[in-house]
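Asker: Below is the file structure_33.cif, which contains mmCIF, C-alpha atoms; chains and numbers go by the auth columns.
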data_target
loop_
_atom_site.group_PDB
_atom_site.id
_atom_site.type_symbol
_atom_site.label_atom_id
_atom_site.label_comp_id
_atom_site.label_asym_id
_atom_site.label_seq_id
_atom_site.Cartn_x
_atom_site.Cartn_y
_atom_site.Cartn_z
_atom_site.B_iso_or_equiv
_atom_site.auth_seq_id
_atom_site.auth_asym_id
ATOM 1 C CA MET A 1 24.076 53.613 21.593 0.00 21 R
ATOM 2 C CA THR A 2 21.275 51.582 20.021 0.00 22 R
ATOM 3 C CA HIS A 3 21.036 49.143 17.128 0.00 23 R
ATOM 4 C CA THR A 4 18.255 48.567 14.652 0.00 24 R
ATOM 5 C CA ILE A 5 17.384 44.916 14.229 0.00 25 R
ATOM 6 C CA ASN A 6 15.213 43.159 11.675 0.00 26 R
ATOM 7 C CA LEU A 7 13.896 39.743 12.574 0.00 27 R
ATOM 8 C CA THR A 8 10.979 37.433 12.025 0.00 28 R
ATOM 9 C CA VAL A 9 9.078 36.232 15.082 0.00 29 R
ATOM 10 C CA ASN A 10 6.336 33.654 14.657 0.00 30 R
ATOM 11 C CA GLY A 11 6.166 34.455 10.954 0.00 31 R
ATOM 12 C CA GLN A 12 5.835 38.227 11.401 0.00 32 R
ATOM 13 C CA LYS A 13 8.623 40.621 10.444 0.00 33 R
ATOM 14 C CA TYR A 14 9.718 43.233 12.977 0.00 34 R
ATOM 15 C CA THR A 15 12.107 46.169 12.887 0.00 35 R
ATOM 16 C CA ARG A 16 13.011 47.592 16.272 0.00 36 R
ATOM 17 C CA THR A 17 15.732 49.688 17.834 0.00 37 R
ATOM 18 C CA VAL A 18 17.308 48.067 20.884 0.00 38 R
ATOM 19 C CA GLU A 19 20.158 48.631 23.285 0.00 39 R
ATOM 20 C CA PRO A 20 23.045 46.220 22.692 0.00 40 R
ATOM 21 C CA ARG A 21 22.681 44.721 26.177 0.00 41 R
ATOM 22 C CA MET A 22 18.975 43.836 25.837 0.00 42 R
ATOM 23 C CA LEU A 23 18.407 40.109 26.180 0.00 43 R
ATOM 24 C CA LEU A 24 16.284 38.336 23.596 0.00 44 R
ATOM 25 C CA SER A 25 13.994 37.092 26.382 0.00 45 R
ATOM 26 C CA ASP A 26 13.361 40.698 27.479 0.00 46 R
ATOM 27 C CA PHE A 27 12.864 41.807 23.875 0.00 47 R
ATOM 28 C CA LEU A 28 10.264 39.117 23.258 0.00 48 R
ATOM 29 C CA ARG A 29 8.423 39.757 26.513 0.00 49 R
ATOM 30 C CA HIS A 30 8.628 43.536 26.834 0.00 50 R
ATOM 31 C CA GLU A 31 8.990 44.827 23.291 0.00 51 R
ATOM 32 C CA LEU A 32 6.734 42.341 21.489 0.00 52 R
ATOM 33 C CA GLY A 33 4.442 41.315 24.366 0.00 53 R
ATOM 34 C CA LEU A 34 5.129 37.594 23.869 0.00 54 R
ATOM 35 C CA THR A 35 5.022 36.609 27.515 0.00 55 R
ATOM 36 C CA GLY A 36 4.894 32.861 26.855 0.00 56 R
ATOM 37 C CA THR A 37 8.687 32.932 26.913 0.00 57 R
ATOM 38 C CA HIS A 38 9.323 32.656 30.640 0.00 58 R
ATOM 39 C CA VAL A 39 12.390 33.761 32.526 0.00 59 R
ATOM 40 C CA GLY A 40 13.493 31.516 35.363 0.00 60 R
ATOM 41 C CA CYS A 41 17.130 31.365 36.365 0.00 61 R
ATOM 42 C CA GLU A 42 18.547 33.933 33.890 0.00 62 R
ATOM 43 C CA HIS A 43 21.653 31.726 33.587 0.00 63 R
ATOM 44 C CA GLY A 44 20.528 29.284 30.876 0.00 64 R
ATOM 45 C CA VAL A 45 20.133 26.419 33.324 0.00 65 R
ATOM 46 C CA CYS A 46 16.379 25.966 33.806 0.00 66 R
ATOM 47 C CA GLY A 47 15.165 26.030 30.195 0.00 67 R
ATOM 48 C CA ALA A 48 12.084 28.196 30.862 0.00 68 R
ATOM 49 C CA CYS A 49 13.219 30.776 28.298 0.00 69 R
ATOM 50 C CA THR A 50 13.792 28.294 25.458 0.00 70 R
ATOM 51 C CA ILE A 51 12.685 29.457 22.013 0.00 71 R
ATOM 52 C CA MET A 52 13.505 28.264 18.519 0.00 72 R
ATOM 53 C CA PHE A 53 16.219 30.266 16.780 0.00 73 R
ATOM 54 C CA ASP A 54 16.277 29.382 13.073 0.00 74 R
ATOM 55 C CA GLY A 55 14.514 26.126 13.940 0.00 75 R
ATOM 56 C CA GLU A 56 16.868 25.059 16.735 0.00 76 R
ATOM 57 C CA SER A 57 16.242 25.302 20.477 0.00 77 R
ATOM 58 C CA ALA A 58 18.065 28.198 22.128 0.00 78 R
ATOM 59 C CA ARG A 59 18.054 29.901 25.506 0.00 79 R
ATOM 60 C CA SER A 60 16.732 33.410 25.001 0.00 80 R
ATOM 61 C CA CYS A 61 18.119 34.558 28.367 0.00 81 R
ATOM 62 C CA LEU A 62 21.654 33.904 27.058 0.00 82 R
ATOM 63 C CA THR A 63 21.110 35.606 23.708 0.00 83 R
ATOM 64 C CA PHE A 64 21.174 39.321 23.040 0.00 84 R
ATOM 65 C CA ALA A 65 18.378 40.738 20.903 0.00 85 R
ATOM 66 C CA VAL A 66 20.981 42.142 18.477 0.00 86 R
ATOM 67 C CA GLN A 67 22.154 38.566 17.822 0.00 87 R
ATOM 68 C CA ALA A 68 18.696 37.806 16.413 0.00 88 R
ATOM 69 C CA ASP A 69 19.090 40.397 13.667 0.00 89 R
ATOM 70 C CA GLY A 70 18.258 38.711 10.367 0.00 90 R
ATOM 71 C CA HIS A 71 17.079 35.491 12.012 0.00 91 R
ATOM 72 C CA GLU A 72 13.801 33.669 12.496 0.00 92 R
ATOM 73 C CA ILE A 73 12.484 33.166 16.023 0.00 93 R
ATOM 74 C CA THR A 74 9.587 30.973 17.077 0.00 94 R
ATOM 75 C CA THR A 75 8.041 31.289 20.511 0.00 95 R
ATOM 76 C CA VAL A 76 5.354 29.146 22.102 0.00 96 R
ATOM 77 C CA GLU A 77 2.777 31.645 20.812 0.00 97 R
ATOM 78 C CA GLY A 78 3.754 30.638 17.276 0.00 98 R
ATOM 79 C CA LEU A 79 2.935 26.942 17.668 0.00 99 R
ATOM 80 C CA ALA A 80 -0.856 26.889 17.496 0.00 100 R
ATOM 81 C CA THR A 81 -2.813 28.436 14.661 0.00 101 R
ATOM 82 C CA ASP A 82 -5.514 29.313 17.196 0.00 102 R
ATOM 83 C CA LYS A 83 -6.851 28.071 20.535 0.00 103 R
ATOM 84 C CA ASP A 84 -8.874 25.337 18.829 0.00 104 R
ATOM 85 C CA ASN A 85 -6.011 24.065 16.650 0.00 105 R
ATOM 86 C CA LEU A 86 -3.105 23.265 18.911 0.00 106 R
ATOM 87 C CA HIS A 87 0.221 21.921 17.709 0.00 107 R
ATOM 88 C CA PRO A 88 0.256 18.104 18.152 0.00 108 R
ATOM 89 C CA LEU A 89 2.778 18.458 20.988 0.00 109 R
ATOM 90 C CA GLN A 90 0.573 20.975 22.799 0.00 110 R
ATOM 91 C CA GLN A 91 -2.467 18.739 22.278 0.00 111 R
ATOM 92 C CA SER A 92 -0.529 15.772 23.641 0.00 112 R
ATOM 93 C CA PHE A 93 0.496 17.717 26.754 0.00 113 R
ATOM 94 C CA TRP A 94 -3.174 18.476 27.337 0.00 114 R
ATOM 95 C CA GLU A 95 -4.295 14.879 26.728 0.00 115 R
ATOM 96 C CA ALA A 96 -1.501 13.244 28.781 0.00 116 R
ATOM 97 C CA HIS A 97 -1.648 15.777 31.647 0.00 117 R
ATOM 98 C CA GLY A 98 1.943 16.835 30.924 0.00 118 R
ATOM 99 C CA LEU A 99 1.755 20.071 32.864 0.00 119 R
ATOM 100 C CA GLN A 100 0.752 21.356 36.239 0.00 120 R
ATOM 101 C CA CYS A 101 1.653 24.961 37.006 0.00 121 R
ATOM 102 C CA GLY A 102 2.777 25.453 33.391 0.00 122 R
ATOM 103 C CA TYR A 103 5.765 27.684 34.038 0.00 123 R
ATOM 104 C CA CYS A 104 8.246 25.289 32.444 0.00 124 R
ATOM 105 C CA THR A 105 5.901 24.103 29.697 0.00 125 R
ATOM 106 C CA PRO A 106 6.692 26.664 26.962 0.00 126 R
ATOM 107 C CA GLY A 107 10.410 25.965 27.253 0.00 127 R
ATOM 108 C CA ILE A 108 9.841 22.223 27.212 0.00 128 R
ATOM 109 C CA LEU A 109 7.631 22.501 24.129 0.00 129 R
ATOM 110 C CA MET A 110 10.261 24.586 22.336 0.00 130 R
ATOM 111 C CA THR A 111 12.913 22.015 23.256 0.00 131 R
ATOM 112 C CA MET A 112 10.879 19.006 22.188 0.00 132 R
ATOM 113 C CA ILE A 113 9.731 20.237 18.775 0.00 133 R
ATOM 114 C CA PRO A 114 13.213 20.223 17.196 0.00 134 R
ATOM 115 C CA PHE A 115 13.997 17.016 19.118 0.00 135 R
ATOM 116 C CA LEU A 116 10.987 15.251 17.612 0.00 136 R
ATOM 117 C CA LYS A 117 11.863 16.487 14.125 0.00 137 R
ATOM 118 C CA GLN A 118 15.313 14.938 14.484 0.00 138 R
ATOM 119 C CA ASN A 119 14.064 11.845 16.310 0.00 139 R
ATOM 120 C CA PRO A 120 10.488 10.974 15.267 0.00 140 R
ATOM 121 C CA ASN A 121 10.421 7.659 17.170 0.00 141 R
ATOM 122 C CA PRO A 122 12.255 8.322 20.454 0.00 142 R
ATOM 123 C CA THR A 123 12.683 5.924 23.322 0.00 143 R
ATOM 124 C CA GLU A 124 11.797 6.960 26.847 0.00 144 R
ATOM 125 C CA ASP A 125 15.516 7.279 27.675 0.00 145 R
ATOM 126 C CA GLU A 126 16.072 9.539 24.648 0.00 146 R
ATOM 127 C CA ILE A 127 13.149 11.737 25.692 0.00 147 R
ATOM 128 C CA ARG A 128 14.449 11.991 29.253 0.00 148 R
ATOM 129 C CA HIS A 129 17.912 12.876 27.973 0.00 149 R
ATOM 130 C CA ALA A 130 16.460 15.579 25.696 0.00 150 R
ATOM 131 C CA LEU A 131 14.481 16.945 28.663 0.00 151 R
ATOM 132 C CA SER A 132 17.531 17.058 30.929 0.00 152 R
ATOM 133 C CA GLY A 133 18.060 20.774 30.311 0.00 153 R
ATOM 134 C CA ASN A 134 14.530 21.716 31.355 0.00 154 R
ATOM 135 C CA LEU A 135 13.634 21.930 35.019 0.00 155 R
ATOM 136 C CA CYS A 136 10.115 21.160 36.210 0.00 156 R
ATOM 137 C CA ARG A 137 9.330 21.359 39.891 0.00 157 R
ATOM 138 C CA CYS A 138 5.756 20.105 39.718 0.00 158 R
ATOM 139 C CA THR A 139 5.262 17.071 37.528 0.00 159 R
ATOM 140 C CA GLY A 140 7.955 14.525 38.291 0.00 160 R
ATOM 141 C CA TYR A 141 8.400 14.358 34.481 0.00 161 R
ATOM 142 C CA GLN A 142 6.525 11.089 33.845 0.00 162 R
ATOM 143 C CA HIS A 143 3.475 12.786 32.335 0.00 163 R
ATOM 144 C CA ILE A 144 5.777 15.024 30.279 0.00 164 R
ATOM 145 C CA VAL A 145 7.539 11.943 28.901 0.00 165 R
ATOM 146 C CA ASP A 146 4.156 10.346 28.182 0.00 166 R
ATOM 147 C CA ALA A 147 3.035 13.510 26.371 0.00 167 R
ATOM 148 C CA VAL A 148 6.158 13.566 24.212 0.00 168 R
ATOM 149 C CA LYS A 149 5.680 9.877 23.326 0.00 169 R
ATOM 150 C CA LEU A 150 2.052 10.584 22.402 0.00 170 R
ATOM 151 C CA ALA A 151 3.085 13.574 20.284 0.00 171 R
ATOM 152 C CA ALA A 152 5.698 11.478 18.494 0.00 172 R
ATOM 153 C CA GLU A 153 2.946 9.003 17.559 0.00 173 R
ATOM 154 C CA LYS A 154 0.673 11.803 16.336 0.00 174 R
ATOM 155 C CA MET A 155 3.437 13.477 14.320 0.00 175 R
ATOM 156 C CA ARG A 156 4.634 10.312 12.524 0.00 176 R
#
The structure in this file should be written as structure tokens.
Answerer:
Amino acid sequence: MTHTINLTVNGQKYTRTVEPRMLLSDFLRHELGLTGTHVGCEHGVCGACTIMFDGESARSCLTFAVQADGHEITTVEGLATDKDNLHPLQQSFWEAHGLQCGYCTPGILMTMIPFLKQNPNPTEDEIRHALSGNLCRCTGYQHIVDAVKLAAEKMR
């Protein structure tokens, strides 16, 4: 049995037929070729698969593709208009050295964008709390926190 879904991803409308058990993370990566959505733990713990689902952060490894029917999804590929015009949060990560290997970065970006919309002037403690669902094994988080603070300044 398959289901036809209609959804908008990064501003583009898609109609696809999917199996009911297909995860949204697999749909994005394998059906649409949007490999910026990373898969880490596959249990919703690490945050690598975080996307925006109707403007809110969501774990795509815990969501079935059929659940996205009729909804709007934004992945990390939808943030920048092109490689020379990064989203302010992406630019801040670059300027503040907020990434190393980069595996966790897309999920962190997709977590922080709604956070910064809701909290445009966050404290360091608020940023760290918002980051608590995203695992990074490389950075020690300080440069990530600095990047989020810089982005908050740029976005105000």
Asker: Return as a ChimeraX atom specification the set of residues that the PyMOL selection byres ((chain R and resi 101-114) around 7) yields on the displayed structure.
Answerer: /R:99-100,115-119,164,167-168,170-171,174-175
Asker: Fewer than 6 positions away in the same chain doesn't count, so skip those; otherwise give me all residues within 6 Å of stretch 21-25 of chain R, counting all atoms listed in the file, as a VMD selection string.
Answerer: chain R and resid 35 to 39 89
Asker: Atom CA of R:Gln32 and atom CA of R:Thr131, how far apart in Å?
Answerer: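 Value for the atom CA of R:Thr131-atom CA of R:Gln32 distance: 21.3 Å.
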Asker: So what do you get for atom CA of R:Phe47 versus atom CA of R:Ala85, distance-wise?
Answerer: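 It comes out at 6.4 Å.
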Asker: Starting from the shown file, work through the PyMOL selection byres ((chain R and resi 58-73) around 8) and note down what comes out as an mmCIF file with C-alpha atoms, in the coordinates of the input.
Answerer:
data_model
loop_
_atom_site.group_PDB
_atom_site.id
_atom_site.type_symbol
_atom_site.label_atom_id
_atom_site.label_comp_id
_atom_site.auth_asym_id
_atom_site.auth_seq_id
_atom_site.Cartn_x
_atom_site.Cartn_y
_atom_site.Cartn_z
ATOM 1 C CA SER R 45 13.994 37.092 26.382
ATOM 2 C CA THR R 55 5.022 36.609 27.515
ATOM 3 C CA GLY R 56 4.894 32.861 26.855
ATOM 4 C CA THR R 57 8.687 32.932 26.913
ATOM 5 C CA ASP R 74 16.277 29.382 13.073
ATOM 6 C CA GLY R 75 14.514 26.126 13.940
ATOM 7 C CA GLU R 76 16.868 25.059 16.735
ATOM 8 C CA SER R 77 16.242 25.302 20.477
ATOM 9 C CA ALA R 78 18.065 28.198 22.128
ATOM 10 C CA ARG R 79 18.054 29.901 25.506
ATOM 11 C CA SER R 80 16.732 33.410 25.001
ATOM 12 C CA CYS R 81 18.119 34.558 28.367
ATOM 13 C CA LEU R 82 21.654 33.904 27.058
ATOM 14 C CA ALA R 88 18.696 37.806 16.413
ATOM 15 C CA HIS R 91 17.079 35.491 12.012
ATOM 16 C CA GLU R 92 13.801 33.669 12.496
ATOM 17 C CA ILE R 93 12.484 33.166 16.023
ATOM 18 C CA THR R 94 9.587 30.973 17.077
ATOM 19 C CA THR R 95 8.041 31.289 20.511
ATOM 20 C CA VAL R 96 5.354 29.146 22.102
ATOM 21 C CA TYR R 123 5.765 27.684 34.038
ATOM 22 C CA CYS R 124 8.246 25.289 32.444
ATOM 23 C CA THR R 125 5.901 24.103 29.697
ATOM 24 C CA PRO R 126 6.692 26.664 26.962
ATOM 25 C CA GLY R 127 10.410 25.965 27.253
ATOM 26 C CA ILE R 128 9.841 22.223 27.212
ATOM 27 C CA MET R 130 10.261 24.586 22.336
ATOM 28 C CA THR R 131 12.913 22.015 23.256
ATOM 29 C CA GLY R 153 18.060 20.774 30.311
ATOM 30 C CA ASN R 154 14.530 21.716 31.355
ATOM 31 C CA LEU R 155 13.634 21.930 35.019
#
Asker: Of the candidates R:Asp166, R:Gln120, R:Arg157, R:Arg176, which shows the shortest atom-to-atom distance to R:Asn141, using only C-alpha atoms?
Answerer: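 Using only C-alpha atoms, the shortest distance to R:Asn141 belongs to R:Arg176.
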Asker: To one decimal place in Å, what is the distance between atom CA of R:Lys169 and atom CA of R:Ala150?
Answerer: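 Pair atom CA of R:Lys169 / atom CA of R:Ala150 returns 12.4 Å.
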Asker: Would you mind telling me which residue in R:Cys156, R:Val86, R:Glu97, R:Ala172 lies nearest to R:Met132 when using only C-alpha atoms?
Answerer: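 Using only C-alpha atoms, the shortest distance to R:Met132 belongs to R:Ala172.
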Asker: Nearest to R:Gly98 among R:Leu129, R:Glu173, R:Thr83, R:Glu146, with distances taken over only C-alpha atoms: which residue is it?
Answerer: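 Of R:Leu129, R:Glu173, R:Thr83, R:Glu146, the one nearest R:Gly98 is R:Leu129, counting only C-alpha atoms.
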Asker: Put a box with edges along x, y and z around all the listed atoms of stretch 38-43 of chain R, pad it by 5 Å on each side, then give me its centre and sizes in Å, one decimal, as lines of an AutoDock Vina configuration file.
Answerer:
center_x = 20.2
center_y = 44.4
center_z = 23.5
size_x = 15.7
size_y = 18.5
size_z = 15.3
